[in-house]
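**Q** The following block contains the structure, expressed as structure tokens.
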Amino acid sequence: MINYHLNHLKELEAESIFVIREVAATFQNPVLLFSGGKDSIVLTHLAHRAFYPAAIPFPLMHVDTGHNFPETLQFRDELVKKMGVRLIVASVQESIDKGRVREETGYEASRIRLQTTTLLDAIEEYKFDAALGGARRDEEKARAKERFFSHRDEFGQWDPKNQRPELWNLFNGRKHVGEHFRIFPLSNWTELDIWQYIRMENIEVPSLYFSHKRECFVRNGIILAKTDFIRLKPDEKTEEMIVRFRTIGDATSTGATLSAARTVDDIIAEVASSRITERGGRADDKRSETSMEDRKREGYF
């Protein structure tokens, strides 16, 4: 007798694949936003599974701040080559060079907010009408109230008054010319689900996620890696630490965590017992209480 019972990971997988296929059926020109982090890697894996044995029918797009960890870019390039998918790189540096945005100055300068213009320019240039992202509701309060299909106006901004209701698995992709949707197939996943799925599917992730020795320093309570993109203050000193990263983004704002987790099983045990949120080490989230909500209204998230 066939057992049709699905464990919770298989149920989440089935839901996400359903959403991804709905996007392909509803929109004419979708794109998958890829950062090189574990969530976008799992999302790419699910998109591959959704259309297998055919290739993923839309490109991946990386909004590149130019301040990435080398391991992230190497992993990104190897993945798209192995998957045989088209990669679009939307460059923040090009936006700066064109005068579209102005780079911050000072010790704590960041390109995080500049990504918004780069992303919206790329969506306009390529005429994308849906952008799939790996955001999850458990990450942050601004993400907690998102729907699977999230409407954006002609300026790329989120307007709560224009959100479409979602009844069970009935999605509304109606839009006017120039508007688009953000799609979040991983909305119902947690950080622990992501790592358990990575273990179940034996999915490769960048080495940054595993414990390693790295030259770091502490700023505003956050452990940051020493890179060419960060200028140390006179009273700041670096030291070798045993760390790993729970999230991967711009190197100037992605905080590390002290950790001895060297395997996926170690990470699962660590995440299960942690009382610190996944984004607790992100400097960009600490700029203000509403930083993520502000970025959503401006058009990035």
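Every chain in the structure tokens has a letter given in the order shown (A, B, ...), and although residue numbers restart at 1 in each chain, ligands are simply numbered from 1 in the order shown.
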Could you pull out the alpha helix (DSSP H) residues of segment 47-284 of chain A from DSSP and send them as a PyMOL selection string?

**A** chain A and resi 47-51+70-83+92-97+115-126+141-144+191-201+264-273

**Q** Show me, as a list in words, the residues that have an atom within 10 Å of Met200 of chain A when counting only C-alpha atoms, minus same-chain residues fewer than 6 positions from it.

**A** Leu9, Lys10 and Ile194 of chain A

**Q** Would you mind exporting N, CA, C and O atoms of the selected residues as a PDB file, in the first residue's frame?

**A**
```
ATOM      1  N   LEU A   9       8.360  18.952   5.773  1.00  0.00           N
ATOM      2  CA  LEU A   9       9.246  19.499   4.743  1.00  0.00           C
ATOM      3  C   LEU A   9       8.693  19.241   3.341  1.00  0.00           C
ATOM      4  O   LEU A   9       8.773  20.097   2.452  1.00  0.00           O
ATOM      5  N   LYS A  10       8.126  18.065   3.146  1.00  0.00           N
ATOM      6  CA  LYS A  10       7.541  17.742   1.844  1.00  0.00           C
ATOM      7  C   LYS A  10       6.290  18.588   1.589  1.00  0.00           C
ATOM      8  O   LYS A  10       5.991  18.960   0.444  1.00  0.00           O
ATOM      9  N   ILE A 194      14.568  25.487   6.573  1.00  0.00           N
ATOM     10  CA  ILE A 194      15.516  25.631   5.467  1.00  0.00           C
ATOM     11  C   ILE A 194      16.703  24.693   5.655  1.00  0.00           C
ATOM     12  O   ILE A 194      17.111  23.972   4.729  1.00  0.00           O
TER      13      ILE A 194
END
```

**Q** Can you tell me, as an MDAnalysis selection string, what residues are no more than 10 Å from segment 122-133 of chain A when counting only C-alpha atoms, ignoring any on the same chain fewer than 6 positions away?

**A** chainID A and resid 19:20 23:24 26:35 39:40 43:44 60:61 63 88:91 116 148:152 154:156 173 175 177:187 301

**Q** Using only C-alpha atoms, which of A:Ala14, A:Ala142, A:Leu258, A:Ile203 sits nearest Thr290 of chain A?

**A**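 Between A:Ala14, A:Ala142, A:Leu258, A:Ile203, the residue approaching Thr290 of chain A most closely is A:Ala142.
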
**Q** Go through A:Ser16, A:Ser274, A:Thr257, A:Ser95 and flag the residue nearest Lys213 of chain A, using only C-alpha atoms for the distances.

**A**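 Comparing A:Ser16, A:Ser274, A:Thr257, A:Ser95 against Lys213 of chain A, the winner is A:Thr257.
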